[in-house]
Every structure is written in structure tokens, then in C-alpha cells.
>>> print(open('structure37.cif').read())   # mmCIF, C-alpha atoms
data_upload
loop_
_atom_site.label_atom_id
_atom_site.label_comp_id
_atom_site.auth_asym_id
_atom_site.auth_seq_id
_atom_site.Cartn_x
_atom_site.Cartn_y
_atom_site.Cartn_z
CA MET J 1 -17.29 14.23 73.13
CA SER J 2 -19.87 12.70 75.37
CA PHE J 3 -19.60 14.99 78.39
CA ILE J 4 -22.46 17.41 79.14
CA LEU J 5 -22.02 21.06 80.03
CA TYR J 6 -24.86 23.20 81.26
CA GLU J 7 -25.32 26.89 80.80
CA GLY J 8 -25.28 27.36 84.54
CA GLY J 9 -22.08 25.36 85.04
CA MET J 10 -21.22 21.76 85.83
CA ASP J 11 -23.83 19.30 87.13
CA ASP J 12 -23.55 17.36 90.38
CA ASP J 13 -21.08 14.88 88.91
CA SER J 14 -18.61 17.69 88.22
CA GLU J 15 -15.47 15.69 88.93
CA GLY J 16 -16.37 13.04 86.34
CA ARG J 17 -17.47 15.70 83.87
CA ILE J 18 -14.18 17.54 84.26
CA ARG J 19 -12.24 14.34 83.56
CA GLU J 20 -14.27 13.80 80.38
CA LEU J 21 -13.82 17.41 79.37
CA LYS J 22 -10.05 17.37 79.91
CA GLU J 23 -9.74 14.15 77.92
CA ALA J 24 -11.67 15.77 75.07
CA LEU J 25 -9.47 18.88 75.29
CA LYS J 26 -6.38 16.66 75.19
CA GLN J 27 -7.62 15.12 71.94
CA LEU J 28 -8.37 18.57 70.58
CA ILE J 29 -4.85 19.73 71.44
CA LYS J 30 -3.44 16.71 69.60
CA GLY J 31 -5.62 17.47 66.57
CA CYS J 32 -4.47 21.10 66.51
CA GLU J 33 -0.85 19.98 66.69
CA GLU J 34 -1.28 17.52 63.81
CA LEU J 35 -2.90 20.22 61.68
CA GLY J 36 -0.26 22.80 62.55
CA LEU J 37 -2.78 25.12 64.21
CA SER J 38 -0.36 26.71 66.67
CA ARG J 39 -2.72 29.49 67.80
CA SER J 40 -5.58 27.10 68.45
CA GLN J 41 -3.24 24.66 70.16
CA GLU J 42 -2.12 27.38 72.56
CA LEU J 43 -5.73 28.44 73.20
CA VAL J 44 -6.94 24.88 73.89
CA SER J 45 -3.88 24.16 76.06
CA HIS J 46 -4.82 27.15 78.19
CA ALA J 47 -8.39 25.83 78.39
CA TYR J 48 -7.04 22.45 79.52
CA ASP J 49 -5.47 24.12 82.56
CA ASP J 50 -8.54 26.30 83.14
CA PRO J 51 -11.51 24.26 81.75
CA PRO J 52 -14.65 25.95 80.38
CA GLN J 53 -17.37 26.24 83.02
CA SER J 54 -20.34 26.22 80.69
CA LYS J 55 -21.53 24.87 77.36
CA ARG J 56 -21.29 28.36 75.89
CA GLU J 57 -17.65 28.74 76.91
CA PHE J 58 -16.82 25.42 75.30
CA GLU J 59 -18.69 26.32 72.10
CA LEU J 60 -16.73 29.56 71.88
CA LEU J 61 -13.53 27.57 72.19
CA LEU J 62 -14.60 25.22 69.37
CA ARG J 63 -15.63 28.17 67.24
CA ALA J 64 -12.15 29.68 67.61
CA VAL J 65 -10.60 26.39 66.48
CA MET J 66 -12.98 26.12 63.52
CA THR J 67 -12.15 29.69 62.48
CA ASP J 68 -8.46 28.80 62.53
CA ILE J 69 -9.15 25.71 60.40
CA GLN J 70 -11.15 27.72 57.86
CA LYS J 71 -8.22 30.11 57.43
CA THR J 72 -5.74 27.28 56.89
CA VAL J 73 -5.03 25.81 53.46
CA PHE J 74 -4.83 22.02 53.40
CA LEU J 75 -3.27 20.06 50.57
CA LEU J 76 -4.90 16.86 49.37
CA ILE J 77 -2.57 14.19 48.01
CA PRO J 78 -4.25 11.64 45.71
CA GLU J 79 -4.16 8.15 47.16
CA HIS J 80 -2.01 6.72 44.36
CA LEU J 81 0.66 9.39 44.95
CA VAL J 82 0.79 9.22 48.76
CA LYS J 83 3.63 6.66 48.62
CA TYR J 84 5.90 9.30 47.05
CA TYR J 85 5.46 11.84 49.87
CA GLU J 86 8.32 11.87 52.41
CA ILE J 87 9.50 8.58 50.94
CA ILE J 88 11.91 6.52 53.04
CA PHE J 89 14.71 4.91 51.05
CA PRO J 90 16.79 1.88 52.07
CA SER J 91 19.68 2.76 54.36
CA THR J 92 22.15 1.47 51.75
CA LEU J 93 21.04 4.26 49.43
CA THR J 94 20.85 7.06 51.99
CA MET J 95 24.27 6.18 53.43
CA ALA J 96 25.98 5.90 50.04
CA PHE J 97 24.25 8.92 48.49
CA PRO J 98 23.00 11.23 51.28
CA LEU J 99 22.75 14.34 49.09
CA ALA J 100 21.24 12.53 46.12
CA SER J 101 18.71 10.79 48.37
CA LYS J 102 17.60 14.21 49.70
CA GLU J 103 17.06 15.37 46.13
CA LEU J 104 15.01 12.22 45.51
CA VAL J 105 12.89 12.91 48.61
CA TRP J 106 12.18 16.41 47.27
CA ALA J 107 11.43 14.92 43.87
CA GLY J 108 8.94 12.53 45.47
CA ASN J 109 7.29 15.32 47.46
CA ALA J 110 6.94 17.46 44.33
CA LEU J 111 5.45 14.50 42.51
CA ALA J 112 2.95 13.85 45.33
CA VAL J 113 1.65 17.43 45.31
CA GLY J 114 1.37 17.71 41.54
CA SER J 115 4.51 19.75 40.78
CA TYR J 116 5.59 17.34 38.08
CA THR J 117 8.22 19.44 36.30
CA ALA J 118 9.79 20.28 39.67
CA SER J 119 9.89 16.56 40.43
CA VAL J 120 11.84 15.87 37.23
CA PHE J 121 14.16 18.77 38.06
CA HIS J 122 15.05 17.29 41.48
CA SER J 123 15.42 13.81 39.99
CA MET J 124 17.96 15.22 37.54
CA ARG J 125 19.80 17.05 40.34
CA ALA J 126 20.17 13.67 42.01
CA ALA J 127 21.37 12.11 38.76
CA GLU J 128 23.95 14.88 38.37
CA ILE J 129 25.46 13.92 41.72
CA GLY J 130 25.71 10.36 40.43
CA VAL J 131 27.45 11.51 37.24
CA ARG J 132 30.13 13.33 39.21
CA VAL J 133 30.61 10.39 41.58
CA LEU J 134 31.08 8.09 38.56
CA GLY J 135 33.55 10.54 37.01
CA ASN J 136 35.52 10.81 40.24
CA GLU J 137 35.58 7.01 40.63
CA LEU J 138 36.98 6.59 37.11
CA GLY J 139 39.58 9.32 37.57
CA VAL J 140 38.06 11.87 35.17
CA GLU J 141 40.02 15.15 35.30
CA PHE J 142 40.00 18.52 33.53
CA PRO J 143 43.03 20.83 33.27
CA ASP J 144 41.01 24.04 33.49
CA LYS J 145 38.29 23.26 36.02
CA PRO J 146 37.37 20.97 38.91
CA LEU J 147 35.11 18.02 38.19
CA GLU J 148 32.22 19.75 40.01
CA LEU J 149 32.11 22.48 37.35
CA ALA J 150 32.33 20.23 34.29
CA GLU J 151 29.40 19.53 31.99
CA TRP J 152 27.72 16.12 31.97
CA ALA J 153 28.69 15.50 28.36
CA ASN J 154 32.38 16.16 29.00
CA ILE J 155 32.43 13.94 32.08
CA LEU J 156 30.70 11.12 30.24
CA ASP J 157 32.95 11.45 27.18
CA GLN J 158 36.02 10.98 29.36
CA ALA J 159 34.33 8.20 31.32
CA ASP J 160 33.58 6.33 28.09
CA ALA J 161 37.21 6.67 26.96
CA ILE J 162 38.49 5.35 30.30
CA ILE J 163 36.07 2.41 30.16
CA VAL J 164 37.29 1.54 26.63
CA LYS J 165 40.89 1.47 27.91
CA MET J 166 39.84 -0.73 30.82
CA LYS J 167 38.43 -3.23 28.33
CA GLU J 168 41.89 -3.63 26.80
CA LYS J 169 43.26 -5.11 30.02
CA PRO J 170 43.30 -8.91 30.61
CA ARG J 171 39.83 -10.36 31.12
CA GLY J 172 38.59 -11.79 34.41
CA THR J 173 35.31 -12.36 36.21
CA HIS J 174 35.74 -9.40 38.57
CA LYS J 175 36.95 -7.14 35.78
CA ASP J 176 34.00 -8.07 33.60
CA GLU J 177 31.54 -7.31 36.39
CA VAL J 178 33.14 -3.92 37.06
CA LEU J 179 33.23 -3.04 33.36
CA THR J 180 29.60 -4.02 32.92
CA PHE J 181 28.63 -1.87 35.90
CA TYR J 182 30.54 1.22 34.70
CA SER J 183 29.40 0.80 31.11
CA GLN J 184 25.74 0.50 32.06
CA ALA J 185 26.03 3.43 34.46
CA ALA J 186 27.51 5.65 31.74
CA VAL J 187 24.76 4.63 29.31
CA GLN J 188 22.07 5.39 31.88
CA PHE J 189 23.53 8.81 32.63
CA ARG J 190 23.51 9.68 28.93
CA TYR J 191 19.89 8.59 28.86
CA PHE J 192 19.12 10.93 31.75
CA LYS J 193 21.00 13.79 30.11
CA ASP J 194 19.50 13.42 26.65
CA GLY J 195 16.03 12.35 27.73
CA TRP J 196 15.27 14.72 30.58
CA ARG J 197 18.02 16.92 31.94
CA ILE J 198 18.52 19.17 28.92
CA ARG J 199 14.78 19.65 28.44
CA VAL J 200 13.95 20.46 32.04
CA ALA J 201 17.06 22.60 32.63
CA HIS J 202 16.38 24.79 29.61
CA ALA J 203 12.59 25.02 29.99
CA ARG J 204 12.03 23.05 26.79
CA GLU J 205 9.39 20.82 28.28
CA THR J 206 6.68 20.78 30.93
CA TYR J 207 6.06 17.37 32.44
CA GLU J 208 2.80 15.75 33.43
CA GLU J 209 2.19 13.03 36.00
CA THR J 210 2.92 9.94 33.90
CA ALA J 211 6.29 11.20 32.67
CA ALA J 212 7.29 12.52 36.11
CA VAL J 213 6.47 9.17 37.73
CA ARG J 214 8.53 7.37 35.10
CA VAL J 215 11.51 9.69 35.64
CA PHE J 216 11.34 9.39 39.43
CA ASN J 217 11.00 5.60 39.47
CA HIS J 218 13.80 5.17 36.94
CA THR J 219 16.15 7.46 38.87
CA HIS J 220 15.28 5.86 42.19
CA GLU J 221 15.87 2.33 40.92
CA PHE J 222 19.12 3.35 39.26
CA PHE J 223 20.50 4.84 42.48
CA GLU J 224 19.70 1.64 44.32
CA THR J 225 21.94 -0.10 41.77
CA LEU J 226 24.67 2.57 42.04
CA SER J 227 24.74 2.38 45.84
CA ALA J 228 25.98 -1.21 45.62
CA ARG J 229 29.38 -0.01 44.29
CA LEU J 230 29.62 3.77 44.49
CA GLU J 231 29.12 6.45 47.10
CA GLU J 232 29.37 10.21 47.45
CA PRO J 233 32.72 11.48 48.74
CA LYS J 234 32.65 12.25 52.44
CA PRO J 235 32.72 16.00 53.21
CA SER J 236 36.08 17.21 54.45
CA VAL J 237 36.09 18.35 58.08
#
>>> encode(input="structure37.cif", output="C-alpha cells")
Amino acid sequence: MSFILYEGGMDDDSEGRIRELKEALKQLIKGCEELGLSRSQELVSHAYDDPPQSKREFELLLRAVMTDIQKTVFLLIPEHLVKYYEIIFPSTLTMAFPLASKELVWAGNALAVGSYTASVFHSMRAAEIGVRVLGNELGVEFPDKPLELAEWANILDQADAIIVKMKEKPRGTHKDEVLTFYSQAAVQFRYFKDGWRIRVAHARETYEETAAVRVFNHTHEFFETLSARLEEPKPSV
């Protein structure tokens, strides 16, 4: 801020000084907005319409902003975890799995801010959506409950049985590709369930950064594979 304010008011070049001052106030307003300082933003916006007439008035304005900053808690994200915050996934994933992708965004945010167990929890919530989509695709049914209320293990047991029956049908290139996809998906979901879901759901384990990163990356990559063939059912209107 290169403009000069005098205790007695503006100097002879007041028009140029006011332009400089208003440009500086505009930048200050932008900074307050980026930091979420709504009270300071309102105060500086008012000063933009009615600029300070002396150096002291301007210093008082800055002091008010600094006080607001000192009372605000800022969160530092380590550089190597920044890429996980508000992550943007490919449109193929977000369109095929909108709910699961939201869970993965929350998992990434939790990972970025150091809430590692919470990150694993959201990753497994995403994986659970995938399990139910796989079960629905394969025609898994239960006489006493809807698919949404069934346990992972029961869904996967039925899925495995259906996949085994599919293997008994005549072979073909397309059939082999589909069977490979379903078989690998079922295996991965069991891996999720046994490796992470049970532990995090029942408070059996607290996760640190390395494990949480591994879980997130694995889940993310797996959903990119799933989105090539499967998708969440569209909500009924």
C-alpha cells in the first residue's frame, strides 16, 4: 500500500491518493472474503464507500481487521496432503457414483486435515455403496429385508454364488470379461470389509496417515474401475 495519508487529511494530490486508497481497500476486502472474515469485510466495504481521511483512521481500520484475524482459527494443510482437499474426480466417476464420490471427497478432506480414522470411515461408506450396487446388478435378493439393509457379508455371499453359476454358462469373450470384472469386484469388496470396514465401524482400530492414505487411494482407484461398468441407481422422482 504505497499511498500516503497525513494526520491532517489528504495532501494536494487528493484525487490520486483516493484512487490508491480505494484500490488498497478493494484488495483488503478481497482478502477478508478469502479468509471468511465477514465482519471485517463489512467494515472495510463501508470504508471503501466512505474512505478514511487520515492515517490514524486507516490504522484503526487495519487494527480492526487484525483483531478479527487473531480471533480466527486457521487450519494448515501439509503440502503433501493438499491434493486430497476438495479433490475433483473424473466426471465418469461422479456421474456413475454421485453419492460415493461425495463420500470420497469427505474422506479426502478428512485425510488432508489429519482426521485419519474419519477418512477411512468415509472411504468405507463409499465402498458400501459400491457393494450394494454390485449386489443389485447381480440380482441379489433377501426374503426378509431390502438389499439396502443387508450386511456386506450376506450380499457378497450371494454375489459369489451368482458369479459361480454364471461361470457354468457357455464361454465367450464378452462373458469372460464380465465374469472377470464381477469376480474381481467381489474380491475387492471382501478385502475392504475384512481389512478396514469391520475395524473402523466397531472402533477396533485407530488409523494413522500412511494407512489412511493407502485406504483412500485404493478405494478411489477401485471406484474408477467400477464406474466403467456400474453406476448407482437413479433416485426415483
>>> resolve_selection(input="structure37.cif", expression="the PyMOL selection byres ((chain J and resi 106) around 10)", output="PyMOL selection string")
chain J and resi 84-87+100-105+107-112+118-119+121-123+126
>>> closest_residue(input="structure37.cif", among="J:Phe58, J:Tyr207, J:Phe189, J:Phe223", to="Val120 in chain J", atoms="all atoms listed in the file")
J:Tyr207
>>> resolve_selection(input="structure37.cif", expression="the PyMOL selection byres ((chain J and resi 21) around 12)", output="MDAnalysis selection string")
chainID J and resid 1:5 10 14:20 22:28 44 47:55 58
>>> closest_residue(input="structure37.cif", among="J:Ala127, J:Ile162, J:Leu138, J:Val200", to="Phe216 in chain J", atoms="all atoms listed in the file")
J:Ala127
>>> closest_residue(input="structure37.cif", among="J:Lys83, J:Asp176, J:Glu141, J:Ser91", to="Asn217 in chain J", atoms="all atoms listed in the file")
J:Lys83
>>> atom_distance(input="structure37.cif", atom1="CA of Lys165 in chain J", atom2="CA of Val187 in chain J")
16.5 Å
>>> closest_residue(input="structure37.cif", among="J:Leu179, J:Glu59, J:Tyr116, J:Glu42", to="Arg214 in chain J", atoms="all atoms listed in the file")
J:Tyr116
>>> resolve_selection(input="structure37.cif", expression="the PyMOL selection byres ((chain J and resi 151-160) around 10)", output="number ranges by chain")
J: 128, 131-132, 134-142, 147-150, 161-166, 182-183, 185-187, 189-190, 193-194, 197
>>> closest_residue(input="structure37.cif", among="J:Pro90, J:Gly195, J:Pro98, J:Pro170", to="Glu231 in chain J", atoms="all atoms listed in the file")
J:Pro98
>>> residues_near_point(input="structure37.cif", point="(-4.6, 26.8, 56.7)", cutoff="12 Å", atoms="only C-alpha atoms", output="PDB file with C-alpha atoms, in the frame of the given file")
ATOM      1  CA  CYS J  32      -4.470  21.100  66.510  1.00  0.00           C
ATOM      2  CA  LEU J  35      -2.900  20.220  61.680  1.00  0.00           C
ATOM      3  CA  GLY J  36      -0.260  22.800  62.550  1.00  0.00           C
ATOM      4  CA  LEU J  37      -2.780  25.120  64.210  1.00  0.00           C
ATOM      5  CA  SER J  38      -0.360  26.710  66.670  1.00  0.00           C
ATOM      6  CA  ARG J  39      -2.720  29.490  67.800  1.00  0.00           C
ATOM      7  CA  SER J  40      -5.580  27.100  68.450  1.00  0.00           C
ATOM      8  CA  VAL J  65     -10.600  26.390  66.480  1.00  0.00           C
ATOM      9  CA  MET J  66     -12.980  26.120  63.520  1.00  0.00           C
ATOM     10  CA  THR J  67     -12.150  29.690  62.480  1.00  0.00           C
ATOM     11  CA  ASP J  68      -8.460  28.800  62.530  1.00  0.00           C
ATOM     12  CA  ILE J  69      -9.150  25.710  60.400  1.00  0.00           C
ATOM     13  CA  GLN J  70     -11.150  27.720  57.860  1.00  0.00           C
ATOM     14  CA  LYS J  71      -8.220  30.110  57.430  1.00  0.00           C
ATOM     15  CA  THR J  72      -5.740  27.280  56.890  1.00  0.00           C
ATOM     16  CA  VAL J  73      -5.030  25.810  53.460  1.00  0.00           C
ATOM     17  CA  PHE J  74      -4.830  22.020  53.400  1.00  0.00           C
ATOM     18  CA  LEU J  75      -3.270  20.060  50.570  1.00  0.00           C
TER      19      LEU J  75
END
>>> atom_distance(input="structure37.cif", atom1="CA of Phe192 in chain J", atom2="CA of Glu224 in chain J")
15.6 Å
>>> closest_residue(input="structure37.cif", among="J:Gln184, J:Gln41, J:Phe97, J:Val178", to="Leu61 in chain J", atoms="all atoms listed in the file")
J:Gln41
>>> atom_distance(input="structure37.cif", atom1="CA of Glu34 in chain J", atom2="CA of Pro78 in chain J")
19.3 Å
>>> decode(input="structure37.cif", residues="range 90-104 of chain J", atoms="N, CA and C atoms", output="PDB file, in the first residue's frame")
ATOM      1  N   PRO J  90     -12.764 -37.515 -11.839  1.00  0.00           N
ATOM      2  CA  PRO J  90     -13.218 -37.519 -13.239  1.00  0.00           C
ATOM      3  C   PRO J  90     -14.739 -37.571 -13.320  1.00  0.00           C
ATOM      4  N   SER J  91     -15.292 -36.947 -14.336  1.00  0.00           N
ATOM      5  CA  SER J  91     -16.748 -36.893 -14.467  1.00  0.00           C
ATOM      6  C   SER J  91     -17.358 -38.290 -14.613  1.00  0.00           C
ATOM      7  N   THR J  92     -16.604 -39.231 -15.178  1.00  0.00           N
ATOM      8  CA  THR J  92     -17.123 -40.598 -15.301  1.00  0.00           C
ATOM      9  C   THR J  92     -17.432 -41.199 -13.939  1.00  0.00           C
ATOM     10  N   LEU J  93     -16.617 -40.861 -12.947  1.00  0.00           N
ATOM     11  CA  LEU J  93     -16.835 -41.377 -11.595  1.00  0.00           C
ATOM     12  C   LEU J  93     -17.981 -40.645 -10.910  1.00  0.00           C
ATOM     13  N   THR J  94     -17.978 -39.326 -10.979  1.00  0.00           N
ATOM     14  CA  THR J  94     -19.005 -38.552 -10.273  1.00  0.00           C
ATOM     15  C   THR J  94     -20.392 -38.776 -10.871  1.00  0.00           C
ATOM     16  N   MET J  95     -20.462 -39.029 -12.176  1.00  0.00           N
ATOM     17  CA  MET J  95     -21.762 -39.274 -12.800  1.00  0.00           C
ATOM     18  C   MET J  95     -22.266 -40.682 -12.495  1.00  0.00           C
ATOM     19  N   ALA J  96     -21.367 -41.654 -12.471  1.00  0.00           N
ATOM     20  CA  ALA J  96     -21.774 -43.032 -12.197  1.00  0.00           C
ATOM     21  C   ALA J  96     -22.053 -43.257 -10.715  1.00  0.00           C
ATOM     22  N   PHE J  97     -21.258 -42.619  -9.861  1.00  0.00           N
ATOM     23  CA  PHE J  97     -21.390 -42.807  -8.410  1.00  0.00           C
ATOM     24  C   PHE J  97     -21.422 -41.449  -7.692  1.00  0.00           C
ATOM     25  N   PRO J  98     -22.493 -40.679  -7.852  1.00  0.00           N
ATOM     26  CA  PRO J  98     -22.544 -39.357  -7.223  1.00  0.00           C
ATOM     27  C   PRO J  98     -22.471 -39.385  -5.699  1.00  0.00           C
ATOM     28  N   LEU J  99     -23.172 -40.326  -5.069  1.00  0.00           N
ATOM     29  CA  LEU J  99     -23.144 -40.399  -3.606  1.00  0.00           C
ATOM     30  C   LEU J  99     -21.805 -40.914  -3.105  1.00  0.00           C
ATOM     31  N   ALA J 100     -21.291 -41.944  -3.754  1.00  0.00           N
ATOM     32  CA  ALA J 100     -19.998 -42.491  -3.346  1.00  0.00           C
ATOM     33  C   ALA J 100     -18.888 -41.469  -3.541  1.00  0.00           C
ATOM     34  N   SER J 101     -18.962 -40.698  -4.628  1.00  0.00           N
ATOM     35  CA  SER J 101     -17.918 -39.696  -4.872  1.00  0.00           C
ATOM     36  C   SER J 101     -17.953 -38.612  -3.807  1.00  0.00           C
ATOM     37  N   LYS J 102     -19.153 -38.274  -3.296  1.00  0.00           N
ATOM     38  CA  LYS J 102     -19.237 -37.300  -2.195  1.00  0.00           C
ATOM     39  C   LYS J 102     -18.556 -37.851  -0.942  1.00  0.00           C
ATOM     40  N   GLU J 103     -18.793 -39.135  -0.671  1.00  0.00           N
ATOM     41  CA  GLU J 103     -18.129 -39.760   0.478  1.00  0.00           C
ATOM     42  C   GLU J 103     -16.612 -39.723   0.300  1.00  0.00           C
ATOM     43  N   LEU J 104     -16.148 -39.927  -0.920  1.00  0.00           N
ATOM     44  CA  LEU J 104     -14.713 -39.894  -1.184  1.00  0.00           C
ATOM     45  C   LEU J 104     -14.146 -38.483  -1.039  1.00  0.00           C
TER      46      LEU J 104
END
